[in-house]
file my_file.cif (mmCIF, C-alpha atoms (C1' of nucleotides))
data_query
#
loop_
_atom_site.group_PDB
_atom_site.id
_atom_site.type_symbol
_atom_site.label_atom_id
_atom_site.label_comp_id
_atom_site.auth_asym_id
_atom_site.auth_seq_id
_atom_site.Cartn_x
_atom_site.Cartn_y
_atom_site.Cartn_z
ATOM 1 C CA MET A 1 124.626 215.447 163.710
ATOM 2 C CA LYS A 2 121.674 217.715 163.153
ATOM 3 C CA PRO A 3 118.751 217.655 165.598
ATOM 4 C CA LYS A 4 116.436 216.279 162.927
ATOM 5 C CA LYS A 5 113.470 214.391 164.213
ATOM 6 C CA ARG A 6 110.225 215.593 162.807
ATOM 7 C CA SER A 7 108.048 213.154 164.716
ATOM 8 C CA ASP A 8 107.985 209.708 166.345
ATOM 9 C CA CYS A 9 106.732 208.109 163.159
ATOM 10 C CA PRO A 10 109.038 205.335 161.962
ATOM 11 C CA VAL A 11 108.498 206.338 158.349
ATOM 12 C CA SER A 12 109.431 209.915 159.100
ATOM 13 C CA ASN A 13 112.494 208.818 161.071
ATOM 14 C CA SER A 14 113.604 206.629 158.199
ATOM 15 C CA LEU A 15 113.109 209.347 155.619
ATOM 16 C CA ASP A 16 115.190 211.682 157.764
ATOM 17 C CA ILE A 17 118.136 209.398 157.002
ATOM 18 C CA TRP A 18 117.662 208.170 153.453
ATOM 19 C CA GLY A 19 114.596 210.016 152.196
ATOM 20 C CA ASP A 20 116.048 211.843 149.236
ATOM 21 C CA LYS A 21 116.675 211.218 145.566
ATOM 22 C CA TRP A 22 120.189 209.789 145.982
ATOM 23 C CA SER A 23 120.739 207.791 149.178
ATOM 24 C CA LEU A 24 118.832 204.693 148.090
ATOM 25 C CA LEU A 25 120.750 204.687 144.820
ATOM 26 C CA ILE A 26 124.024 204.561 146.714
ATOM 27 C CA ILE A 27 122.604 201.720 148.780
ATOM 28 C CA ARG A 28 121.407 200.000 145.607
ATOM 29 C CA ASP A 29 124.930 200.177 144.159
ATOM 30 C CA LEU A 30 126.299 198.578 147.305
ATOM 31 C CA MET A 31 123.697 195.832 147.180
ATOM 32 C CA TYR A 32 124.657 194.949 143.629
ATOM 33 C CA ALA A 33 128.405 195.335 144.035
ATOM 34 C CA LYS A 34 128.913 194.660 147.757
ATOM 35 C CA GLU A 35 131.888 197.043 147.802
ATOM 36 C CA CYS A 36 132.285 200.313 145.955
ATOM 37 C CA THR A 37 134.887 203.023 145.711
ATOM 38 C CA TYR A 38 133.995 206.678 145.512
ATOM 39 C CA GLY A 39 134.615 206.540 141.791
ATOM 40 C CA ASP A 40 132.294 203.561 141.367
ATOM 41 C CA PHE A 41 129.374 205.564 142.705
ATOM 42 C CA LEU A 42 130.174 208.396 140.313
ATOM 43 C CA LYS A 43 129.993 205.966 137.383
ATOM 44 C CA SER A 44 126.352 205.046 138.063
ATOM 45 C CA PRO A 45 124.006 206.041 135.248
ATOM 46 C CA GLU A 46 122.093 208.652 137.249
ATOM 47 C CA GLY A 47 125.186 210.840 137.462
ATOM 48 C CA ILE A 48 125.398 212.042 141.027
ATOM 49 C CA ALA A 49 127.419 215.209 141.594
ATOM 50 C CA THR A 50 130.606 214.637 143.552
ATOM 51 C CA ASN A 51 129.800 217.047 146.360
ATOM 52 C CA ILE A 52 126.354 215.493 146.805
ATOM 53 C CA LEU A 53 127.912 212.045 146.858
ATOM 54 C CA ALA A 54 130.329 213.110 149.573
ATOM 55 C CA SER A 55 127.561 214.581 151.711
ATOM 56 C CA ARG A 56 125.284 211.539 151.331
ATOM 57 C CA LEU A 57 128.082 209.118 152.124
ATOM 58 C CA LEU A 58 128.769 211.094 155.272
ATOM 59 C CA VAL A 59 125.144 211.010 156.426
ATOM 60 C CA LEU A 60 124.872 207.296 155.681
ATOM 61 C CA GLU A 61 128.065 206.645 157.569
ATOM 62 C CA GLU A 62 126.995 208.754 160.543
ATOM 63 C CA ASN A 63 123.807 206.711 160.672
ATOM 64 C CA LYS A 64 125.708 203.414 160.429
ATOM 65 C CA ILE A 65 124.095 202.399 157.153
ATOM 66 C CA ILE A 66 127.479 202.152 155.473
ATOM 67 C CA GLU A 67 131.081 201.905 156.641
ATOM 68 C CA LYS A 68 134.477 202.655 155.182
ATOM 69 C CA LEU A 69 137.151 200.026 154.737
ATOM 70 C CA ASP A 70 140.778 200.176 153.668
ATOM 71 C CA HIS A 71 141.259 199.135 150.098
ATOM 72 C CA PRO A 72 143.561 196.103 149.977
ATOM 73 C CA ASP A 73 145.383 197.294 146.843
ATOM 74 C CA SER A 74 145.985 200.949 147.537
ATOM 75 C CA LYS A 75 146.030 203.587 150.226
ATOM 76 C CA ALA A 76 144.609 206.089 147.773
ATOM 77 C CA LYS A 77 141.376 204.145 147.440
ATOM 78 C CA VAL A 78 138.545 203.737 149.927
ATOM 79 C CA LEU A 79 136.019 200.940 149.995
ATOM 80 C CA TYR A 80 132.452 201.497 151.089
ATOM 81 C CA ARG A 81 130.260 198.676 152.360
ATOM 82 C CA LEU A 82 126.825 198.213 153.824
ATOM 83 C CA THR A 83 126.595 197.519 157.540
ATOM 84 C CA LYS A 84 124.009 195.054 158.815
ATOM 85 C CA LYS A 85 121.675 197.983 159.309
ATOM 86 C CA GLY A 86 122.204 198.869 155.663
ATOM 87 C CA ILE A 87 121.811 195.306 154.446
ATOM 88 C CA ASP A 88 118.523 195.182 156.321
ATOM 89 C CA LEU A 89 117.183 197.741 153.871
ATOM 90 C CA LEU A 90 117.092 194.928 151.318
ATOM 91 C CA PRO A 91 113.390 194.075 151.844
ATOM 92 C CA ILE A 92 112.503 197.714 151.221
ATOM 93 C CA MET A 93 114.648 197.769 148.092
ATOM 94 C CA ILE A 94 112.980 194.597 146.840
ATOM 95 C CA GLU A 95 109.483 195.935 147.415
ATOM 96 C CA ILE A 96 110.391 199.113 145.566
ATOM 97 C CA ASN A 97 111.521 197.015 142.624
ATOM 98 C CA LEU A 98 108.356 194.924 142.722
ATOM 99 C CA TRP A 99 106.197 198.022 142.821
ATOM 100 C CA ALA A 100 108.092 199.592 139.956
ATOM 101 C CA GLU A 101 107.807 196.410 137.935
ATOM 102 C CA LYS A 102 104.046 196.674 138.195
ATOM 103 C CA TYR A 103 103.904 200.203 136.841
ATOM 104 C CA PHE A 104 107.004 200.874 134.734
ATOM 105 C CA PRO A 105 108.965 199.076 132.054
ATOM 106 C CA ILE A 106 111.880 197.320 133.693
ATOM 107 C CA PRO A 107 115.280 196.282 132.304
ATOM 108 C CA ALA A 108 115.501 192.598 131.471
ATOM 109 C CA ASP A 109 118.265 191.727 133.939
ATOM 110 C CA ILE A 110 116.301 193.189 136.836
ATOM 111 C CA LYS A 111 113.169 191.459 135.619
ATOM 112 C CA ALA A 112 115.065 188.175 135.752
ATOM 113 C CA MET A 113 116.181 188.891 139.288
ATOM 114 C CA LEU A 114 112.616 189.710 140.335
ATOM 115 C CA LYS A 115 111.485 186.402 138.924
ATOM 116 C CA GLU A 116 113.818 184.748 141.413
ATOM 117 C CA VAL A 117 112.513 186.975 144.175
ATOM 118 C CA LYS A 118 108.947 185.974 143.466
ATOM 119 C CA LYS A 119 109.757 182.293 143.634
ATOM 120 C CA ASP A 120 110.746 182.612 147.280
ATOM 121 C CA LYS A 121 111.160 186.071 148.670
ATOM 122 C CA ILE A 122 112.384 185.034 152.098
ATOM 123 C CA ALA A 123 114.987 182.682 150.681
ATOM 124 C CA PHE A 124 116.180 185.343 148.277
ATOM 125 C CA ILE A 125 116.631 187.887 151.040
ATOM 126 C CA LYS A 126 118.351 185.389 153.267
ATOM 127 C CA SER A 127 120.815 184.327 150.601
ATOM 128 C CA MET A 128 121.582 187.860 149.446
ATOM 129 C CA THR A 129 121.997 189.038 153.024
ATOM 130 C CA LYS A 130 124.438 186.233 153.649
ATOM 131 C CA GLU A 131 126.424 187.245 150.600
ATOM 132 C CA LEU A 132 126.562 190.880 151.627
ATOM 133 C CA VAL A 133 127.488 190.187 155.229
ATOM 134 C CA GLY A 134 130.143 187.586 154.516
ATOM 135 C CA MET B 135 105.376 217.133 133.475
ATOM 136 C CA LYS B 136 109.112 217.509 133.698
ATOM 137 C CA PRO B 137 111.348 215.272 131.585
ATOM 138 C CA LYS B 138 112.732 213.574 134.665
ATOM 139 C CA LYS B 139 114.147 210.145 134.094
ATOM 140 C CA ARG B 140 117.615 209.765 135.411
ATOM 141 C CA SER B 141 118.042 206.162 134.315
ATOM 142 C CA ASP B 142 116.165 202.930 133.595
ATOM 143 C CA CYS B 143 116.615 201.735 137.159
ATOM 144 C CA PRO B 144 113.278 200.988 138.832
ATOM 145 C CA VAL B 145 114.530 202.401 142.109
ATOM 146 C CA SER B 146 115.564 205.621 140.448
ATOM 147 C CA ASN B 147 112.248 205.871 138.589
ATOM 148 C CA SER B 148 110.360 205.350 141.824
ATOM 149 C CA LEU B 149 112.386 207.942 143.675
ATOM 150 C CA ASP B 150 111.695 210.414 140.888
ATOM 151 C CA ILE B 151 108.052 210.287 141.972
ATOM 152 C CA TRP B 152 108.053 209.909 145.737
ATOM 153 C CA GLY B 153 111.725 210.112 146.724
ATOM 154 C CA ASP B 154 111.670 213.087 149.040
ATOM 155 C CA LYS B 155 111.046 213.801 152.697
ATOM 156 C CA TRP B 156 107.296 214.377 152.396
ATOM 157 C CA SER B 157 105.561 212.265 149.750
ATOM 158 C CA LEU B 158 105.625 209.010 151.687
ATOM 159 C CA LEU B 159 104.230 210.801 154.734
ATOM 160 C CA ILE B 160 101.253 211.959 152.696
ATOM 161 C CA ILE B 161 100.825 208.384 151.496
ATOM 162 C CA ARG B 162 101.157 207.135 155.063
ATOM 163 C CA ASP B 163 98.365 209.470 156.176
ATOM 164 C CA LEU B 164 96.136 208.110 153.436
ATOM 165 C CA MET B 165 96.920 204.542 154.413
ATOM 166 C CA TYR B 166 95.897 205.195 157.994
ATOM 167 C CA ALA B 167 92.873 207.370 157.251
ATOM 168 C CA LYS B 168 91.851 206.188 153.771
ATOM 169 C CA GLU B 169 90.567 209.662 152.944
ATOM 170 C CA CYS B 170 92.070 213.000 153.906
ATOM 171 C CA THR B 171 91.297 216.622 153.294
ATOM 172 C CA TYR B 172 93.984 219.191 152.663
ATOM 173 C CA GLY B 173 93.646 220.322 156.246
ATOM 174 C CA ASP B 174 94.066 216.780 157.556
ATOM 175 C CA PHE B 175 97.517 216.568 155.972
ATOM 176 C CA LEU B 176 98.487 219.878 157.528
ATOM 177 C CA LYS B 177 97.550 218.513 160.972
ATOM 178 C CA SER B 178 100.130 215.696 160.796
ATOM 179 C CA PRO B 179 102.844 215.959 163.433
ATOM 180 C CA GLU B 180 105.689 216.592 160.987
ATOM 181 C CA GLY B 181 104.204 219.947 160.042
ATOM 182 C CA ILE B 182 104.397 220.165 156.279
ATOM 183 C CA ALA B 183 104.304 223.669 154.832
ATOM 184 C CA THR B 184 101.176 224.406 152.853
ATOM 185 C CA ASN B 185 102.928 225.249 149.595
ATOM 186 C CA ILE B 186 105.002 222.059 149.780
ATOM 187 C CA LEU B 187 101.878 220.058 150.462
ATOM 188 C CA ALA B 188 100.178 221.535 147.414
ATOM 189 C CA SER B 189 103.161 220.763 145.191
ATOM 190 C CA ARG B 190 103.521 217.170 146.440
ATOM 191 C CA LEU B 191 99.811 216.474 146.076
ATOM 192 C CA LEU B 192 100.037 217.677 142.499
ATOM 193 C CA VAL B 193 102.999 215.425 141.652
ATOM 194 C CA LEU B 194 101.332 212.437 143.301
ATOM 195 C CA GLU B 195 98.132 213.118 141.413
ATOM 196 C CA GLU B 196 99.954 213.551 138.086
ATOM 197 C CA ASN B 197 101.570 210.192 138.698
ATOM 198 C CA LYS B 198 98.247 208.553 139.596
ATOM 199 C CA ILE B 199 99.305 207.674 143.124
ATOM 200 C CA ILE B 200 96.427 209.659 144.578
ATOM 201 C CA GLU B 201 93.159 211.040 143.253
ATOM 202 C CA LYS B 202 90.758 213.787 144.250
ATOM 203 C CA LEU B 203 87.145 213.141 145.129
ATOM 204 C CA ASP B 204 84.224 215.397 145.874
ATOM 205 C CA HIS B 205 83.521 215.672 149.558
ATOM 206 C CA PRO B 206 79.996 214.433 150.259
ATOM 207 C CA ASP B 207 79.291 217.114 152.864
ATOM 208 C CA SER B 208 80.655 220.233 151.253
ATOM 209 C CA LYS B 209 81.842 221.710 147.995
ATOM 210 C CA ALA B 210 84.490 223.648 149.831
ATOM 211 C CA LYS B 211 86.250 220.460 150.884
ATOM 212 C CA VAL B 212 88.267 218.065 148.780
ATOM 213 C CA LEU B 213 88.945 214.441 149.582
ATOM 214 C CA TYR B 214 92.187 212.791 148.646
ATOM 215 C CA ARG B 215 92.468 209.025 148.257
ATOM 216 C CA LEU B 216 95.045 206.513 147.172
ATOM 217 C CA THR B 217 94.612 204.909 143.760
ATOM 218 C CA LYS B 218 95.422 201.219 143.328
ATOM 219 C CA LYS B 219 98.914 202.280 142.311
ATOM 220 C CA GLY B 220 99.183 204.174 145.577
ATOM 221 C CA ILE B 221 97.736 201.359 147.653
ATOM 222 C CA ASP B 222 100.325 199.069 146.100
ATOM 223 C CA LEU B 223 102.983 201.046 147.929
ATOM 224 C CA LEU B 224 101.760 199.332 151.095
ATOM 225 C CA PRO B 225 104.419 196.572 151.059
ATOM 226 C CA ILE B 226 107.126 199.227 150.838
ATOM 227 C CA MET B 227 105.559 201.143 153.695
ATOM 228 C CA ILE B 228 105.384 197.999 155.801
ATOM 229 C CA GLU B 229 109.014 197.115 155.167
ATOM 230 C CA ILE B 230 110.047 200.638 156.114
ATOM 231 C CA ASN B 231 108.195 200.236 159.387
ATOM 232 C CA LEU B 232 109.763 196.850 160.038
ATOM 233 C CA TRP B 233 113.224 198.218 159.335
ATOM 234 C CA ALA B 234 112.643 201.196 161.587
ATOM 235 C CA GLU B 235 111.351 198.945 164.327
ATOM 236 C CA LYS B 236 114.666 197.123 164.282
ATOM 237 C CA TYR B 237 116.725 200.257 164.739
ATOM 238 C CA PHE B 238 114.592 202.949 166.388
ATOM 239 C CA PRO B 239 112.180 203.186 169.288
ATOM 240 C CA ILE B 240 108.661 202.873 167.928
ATOM 241 C CA PRO B 241 105.329 204.159 169.283
ATOM 242 C CA ALA B 242 103.256 201.478 170.978
ATOM 243 C CA ASP B 243 100.299 201.606 168.604
ATOM 244 C CA ILE B 244 102.516 201.066 165.591
ATOM 245 C CA LYS B 245 104.357 198.306 167.399
ATOM 246 C CA ALA B 246 101.029 196.585 167.947
ATOM 247 C CA MET B 247 100.215 196.884 164.284
ATOM 248 C CA LEU B 248 103.582 195.431 163.317
ATOM 249 C CA LYS B 249 102.897 192.481 165.568
ATOM 250 C CA GLU B 250 99.882 191.746 163.401
ATOM 251 C CA VAL B 251 101.955 192.207 160.281
ATOM 252 C CA LYS B 252 104.508 189.692 161.469
ATOM 253 C CA LYS B 253 101.885 187.071 162.165
ATOM 254 C CA ASP B 254 100.970 186.952 158.484
ATOM 255 C CA LYS B 255 102.335 189.653 156.253
ATOM 256 C CA ILE B 256 100.512 188.598 153.109
ATOM 257 C CA ALA B 257 97.160 188.396 154.864
ATOM 258 C CA PHE B 258 97.723 191.789 156.446
ATOM 259 C CA ILE B 259 98.472 193.415 153.119
ATOM 260 C CA LYS B 260 95.536 191.735 151.463
ATOM 261 C CA SER B 261 93.090 192.812 154.120
ATOM 262 C CA MET B 262 94.370 196.378 154.312
ATOM 263 C CA THR B 263 94.386 196.670 150.542
ATOM 264 C CA LYS B 264 90.796 195.516 150.452
ATOM 265 C CA GLU B 265 89.847 198.115 153.003
ATOM 266 C CA LEU B 266 91.580 200.905 151.113
ATOM 267 C CA VAL B 267 90.178 199.946 147.734
ATOM 268 C CA GLY B 268 86.598 199.360 148.852
ATOM 269 C "C1'" DT C 269 75.097 239.259 155.223
ATOM 270 C "C1'" DA C 270 79.158 239.152 157.933
ATOM 271 C "C1'" DA C 271 82.364 236.070 159.890
ATOM 272 C "C1'" DC C 272 84.531 231.797 159.226
ATOM 273 C "C1'" DT C 273 86.421 227.555 156.763
ATOM 274 C "C1'" DT C 274 88.740 225.445 153.186
ATOM 275 C "C1'" DA C 275 92.057 224.829 149.741
ATOM 276 C "C1'" DC C 276 95.057 226.678 148.019
ATOM 277 C "C1'" DT C 277 98.785 230.928 146.054
ATOM 278 C "C1'" DT C 278 102.263 234.365 146.499
ATOM 279 C "C1'" DG C 279 106.486 236.607 148.049
ATOM 280 C "C1'" DC C 280 110.483 236.224 150.036
ATOM 281 C "C1'" DA C 281 114.377 234.189 152.991
ATOM 282 C "C1'" DT C 282 117.080 230.092 153.618
ATOM 283 C "C1'" DA C 283 118.790 225.616 152.518
ATOM 284 C "C1'" DA C 284 119.798 221.950 149.262
ATOM 285 C "C1'" DT C 285 121.338 220.619 144.776
ATOM 286 C "C1'" DG C 286 124.091 220.841 140.552
ATOM 287 C "C1'" DC C 287 128.182 222.060 137.915
ATOM 288 C "C1'" DA C 288 132.979 223.094 137.097
ATOM 289 C "C1'" DA C 289 137.192 223.590 138.761
ATOM 290 C "C1'" DG C 290 140.673 222.816 142.287
ATOM 291 C "C1'" DT C 291 143.511 220.288 146.055
ATOM 292 C "C1'" DG C 292 146.398 217.087 148.361
ATOM 293 C "C1'" DA C 293 147.642 212.429 149.002
ATOM 294 C "C1'" DT C 294 149.000 208.393 146.661
ATOM 295 C "C1'" DT C 295 150.431 205.607 142.495
ATOM 296 C "C1'" DT C 296 151.879 204.823 137.990
ATOM 297 C "C1'" DT C 297 154.839 205.919 134.055
ATOM 298 C "C1'" DG C 298 158.801 207.281 131.140
ATOM 299 C "C1'" DC D 299 163.142 209.296 140.402
ATOM 300 C "C1'" DA D 300 160.654 213.137 138.711
ATOM 301 C "C1'" DA D 301 156.431 214.064 136.147
ATOM 302 C "C1'" DA D 302 151.933 212.742 134.952
ATOM 303 C "C1'" DA D 303 147.875 210.430 136.369
ATOM 304 C "C1'" DT D 304 144.510 208.667 139.768
ATOM 305 C "C1'" DC D 305 141.749 208.977 143.737
ATOM 306 C "C1'" DA D 306 138.787 210.938 147.163
ATOM 307 C "C1'" DC D 307 137.289 214.472 148.097
ATOM 308 C "C1'" DT D 308 136.521 220.453 148.609
ATOM 309 C "C1'" DT D 309 135.359 224.869 147.146
ATOM 310 C "C1'" DG D 310 132.833 228.546 144.806
ATOM 311 C "C1'" DC D 311 129.050 229.846 142.651
ATOM 312 C "C1'" DA D 312 124.488 229.489 140.012
ATOM 313 C "C1'" DT D 313 120.064 227.287 140.201
ATOM 314 C "C1'" DT D 314 116.368 224.968 142.391
ATOM 315 C "C1'" DA D 315 113.753 223.378 146.297
ATOM 316 C "C1'" DT D 316 112.111 224.135 150.854
ATOM 317 C "C1'" DG D 317 110.183 226.780 154.672
ATOM 318 C "C1'" DC D 318 107.541 230.553 156.636
ATOM 319 C "C1'" DA D 319 104.062 234.104 156.819
ATOM 320 C "C1'" DA D 320 100.602 236.315 154.765
ATOM 321 C "C1'" DG D 321 96.988 236.641 151.326
ATOM 322 C "C1'" DT D 322 92.936 235.175 148.316
ATOM 323 C "C1'" DA D 323 88.777 233.237 146.359
ATOM 324 C "C1'" DA D 324 85.134 230.011 146.723
ATOM 325 C "C1'" DG D 325 81.944 228.034 149.834
ATOM 326 C "C1'" DT D 326 79.663 227.495 154.462
ATOM 327 C "C1'" DT D 327 77.805 228.829 159.020
ATOM 328 C "C1'" DA D 328 75.725 231.931 162.448
#
call {"tool": "encode", "arguments": {"input": "my_file.cif", "output": "structure tokens"}}
result
Amino acid sequence: MKPKKRSDCPVSNSLDIWGDKWSLLIIRDLMYAKECTYGDFLKSPEGIATNILASRLLVLEENKIIEKLDHPDSKAKVLYRLTKKGIDLLPIMIEINLWAEKYFPIPADIKAMLKEVKKDKIAFIKSMTKELVG
Amino acid sequence: MKPKKRSDCPVSNSLDIWGDKWSLLIIRDLMYAKECTYGDFLKSPEGIATNILASRLLVLEENKIIEKLDHPDSKAKVLYRLTKKGIDLLPIMIEINLWAEKYFPIPADIKAMLKEVKKDKIAFIKSMTKELVG
DNA sequence: TAACTTACTTGCATAATGCAAGTGATTTTG
DNA sequence: CAAAATCACTTGCATTATGCAAGTAAGTTA
């Protein structure tokens, strides 16, 4: 663990963990899929480099945002999952999507999801959290 | 403008603009102060380097998150302000603070602000938006 | 008008990212 | 059951971004 703490600001502290171009995409994948293997992350459309993926996964794990699980089918595979701390990033992720929707063109499937969000944001978060925890 | 667009994902598109360790801190400063000079940003506790600050301000301006204004007192000074697009990042900023509050120790003044937020999030955003726009 | 601010730029060292190839432990296949 | 494939990474190296210190030009103050 590096002695990174630029200030007492909560925003700064948060960015010290996941404030880069890749971490939130890893977290996004886990929110959509609940469980991902290393290879699953590599398949995402943004095309993360494998060494970067390894280093981000390590930082996220060290900070208890994600955790590793044994894969039920094979010892060669590893499953990654969000912890509660990671799942709690969901409101941030949703607000990012809502902001983006206002200013960029958005894929139809995500637009449909955001329609649900806007009906009842709290209910949406609660239900998705339940799904990810369980 | 660089041809940066890693995917159609709204999260990815957003991170392409402000997904780094500094941009959201600049935006935070503008949310607290409404208007900042170049020197004001440099005074923030995280200690951004002046060349990095210049490059981030440029990217944020190119993406219409912030805008430059003439300083009323002096031609030597420049005022930076959030655009509506920038102000609309407020919900994200709030959720980051709320997440951080759950998992880190938080300065008392920010804690007090978050208490207000939790009383009525929508009202808080509306009133702060109004203040920043006006 | 000389000293000082202000908003940057520049040069250079260091760190992070990106790409291609490699490794060792499993797991599947012929 | 040995060889090929899969899986989760590492490693080496080129490129890019960040960080630091110093410099500069326009504008302001004493």
call {"tool": "interface_residues", "arguments": {"input": "my_file.cif", "of": "chain A", "to": "chain B", "cutoff": "6 Å", "atoms": "only C-alpha atoms", "output": "PyMOL selection string"}}
result
chain A and resi 6-7+10+15+19-21+46+92+95+97+100
call {"tool": "axis_aligned_box", "arguments": {"input": "my_file.cif", "around": "stretch 240-244 of chain B", "padding_each_side": "8 Å", "output": "lines of an AutoDock Vina configuration file"}}
result
center_x = 104.5
center_y = 202.6
center_z = 168.3
size_x = 24.4
size_y = 19.1
size_z = 21.4
call {"tool": "interface_residues", "arguments": {"input": "my_file.cif", "of": "chain B", "to": "chain D", "cutoff": "12 Å", "atoms": "all atoms listed in the file", "output": "list in words"}}
result
Asp154, Lys155, Trp156, Gly181, Ile182, Ala183, Thr184, Asn185, Ile186, Leu187, Ser189, Arg190, Asp207, Ser208, Lys209, Ala210, Lys211 and Val212 of chain B
call {"tool": "residues_near_point", "arguments": {"input": "my_file.cif", "point": "(97.6, 213.7, 140.7)", "cutoff": "12 Å", "atoms": "only C-alpha atoms (C1' of nucleotides)", "output": "PyMOL selection string"}}
result
chain B and resi 135+151+188-203+214-217+219-220
call {"tool": "atom_distance", "arguments": {"input": "my_file.cif", "atom1": "atom CA of A:Ser127", "atom2": "atom CA of A:Asp70"}}
result
25.7 Å
call {"tool": "atom_distance", "arguments": {"input": "my_file.cif", "atom1": "atom C1' of C:DG292", "atom2": "atom CA of A:Gly39"}}
result
17.1 Å
call {"tool": "resolve_selection", "arguments": {"input": "my_file.cif", "expression": "the PyMOL selection byres ((chain C) within 12 of (chain A))", "output": "ChimeraX atom specification"}}
result
/C:284-288,292-296
call {"tool": "write_last_selection", "arguments": {"input": "my_file.cif", "atoms": "C-alpha atoms (C1' of nucleotides)", "output": "short mmCIF file (atom, residue, chain, number, x, y, z; two decimals), in the coordinates of the input"}}
result
data_model
loop_
_atom_site.label_atom_id
_atom_site.label_comp_id
_atom_site.auth_asym_id
_atom_site.auth_seq_id
_atom_site.Cartn_x
_atom_site.Cartn_y
_atom_site.Cartn_z
"C1'" DA C 284 119.80 221.95 149.26
"C1'" DT C 285 121.34 220.62 144.78
"C1'" DG C 286 124.09 220.84 140.55
"C1'" DC C 287 128.18 222.06 137.92
"C1'" DA C 288 132.98 223.09 137.10
"C1'" DG C 292 146.40 217.09 148.36
"C1'" DA C 293 147.64 212.43 149.00
"C1'" DT C 294 149.00 208.39 146.66
"C1'" DT C 295 150.43 205.61 142.50
"C1'" DT C 296 151.88 204.82 137.99
#
call {"tool": "atom_distance", "arguments": {"input": "my_file.cif", "atom1": "atom CA of B:Pro206", "atom2": "atom C1' of C:DC276"}}
result
19.5 Å
call {"tool": "build_atoms", "arguments": {"input": "my_file.cif", "residues": "stretch 199-212 of chain B", "atoms": "N, CA and C atoms", "output": "CSV table (one decimal), keeping the file's coordinate frame"}}
result
chain,number,residue,atom,x,y,z
B,199,ILE,N,99.1,208.3,141.8
B,199,ILE,CA,99.3,207.7,143.1
B,199,ILE,C,98.1,208.0,144.0
B,200,ILE,N,97.6,209.2,143.8
B,200,ILE,CA,96.4,209.7,144.6
B,200,ILE,C,95.4,210.2,143.6
B,201,GLU,N,94.2,210.4,144.1
B,201,GLU,CA,93.2,211.0,143.3
B,201,GLU,C,92.3,211.9,144.1
B,202,LYS,N,91.7,212.9,143.5
B,202,LYS,CA,90.8,213.8,144.2
B,202,LYS,C,89.3,213.3,144.1
B,203,LEU,N,88.6,213.5,145.2
B,203,LEU,CA,87.1,213.1,145.1
B,203,LEU,C,86.4,214.3,145.7
B,204,ASP,N,85.1,214.4,145.3
B,204,ASP,CA,84.2,215.4,145.9
B,204,ASP,C,83.9,215.0,147.3
B,205,HIS,N,83.9,216.0,148.2
B,205,HIS,CA,83.5,215.7,149.6
B,205,HIS,C,82.0,215.6,149.6
B,206,PRO,N,81.5,214.6,150.2
B,206,PRO,CA,80.0,214.4,150.3
B,206,PRO,C,79.3,215.6,151.0
B,207,ASP,N,79.9,216.1,152.0
B,207,ASP,CA,79.3,217.1,152.9
B,207,ASP,C,79.4,218.5,152.4
B,208,SER,N,80.4,218.8,151.6
B,208,SER,CA,80.7,220.2,151.3
B,208,SER,C,81.5,220.4,150.0
B,209,LYS,N,81.1,221.4,149.2
B,209,LYS,CA,81.8,221.7,148.0
B,209,LYS,C,83.2,222.4,148.3
B,210,ALA,N,83.3,223.0,149.5
B,210,ALA,CA,84.5,223.6,149.8
B,210,ALA,C,85.6,222.7,150.2
B,211,LYS,N,85.2,221.5,150.5
B,211,LYS,CA,86.2,220.5,150.9
B,211,LYS,C,86.6,219.5,149.7
B,212,VAL,N,87.8,219.0,149.8
B,212,VAL,CA,88.3,218.1,148.8
B,212,VAL,C,88.7,216.8,149.5
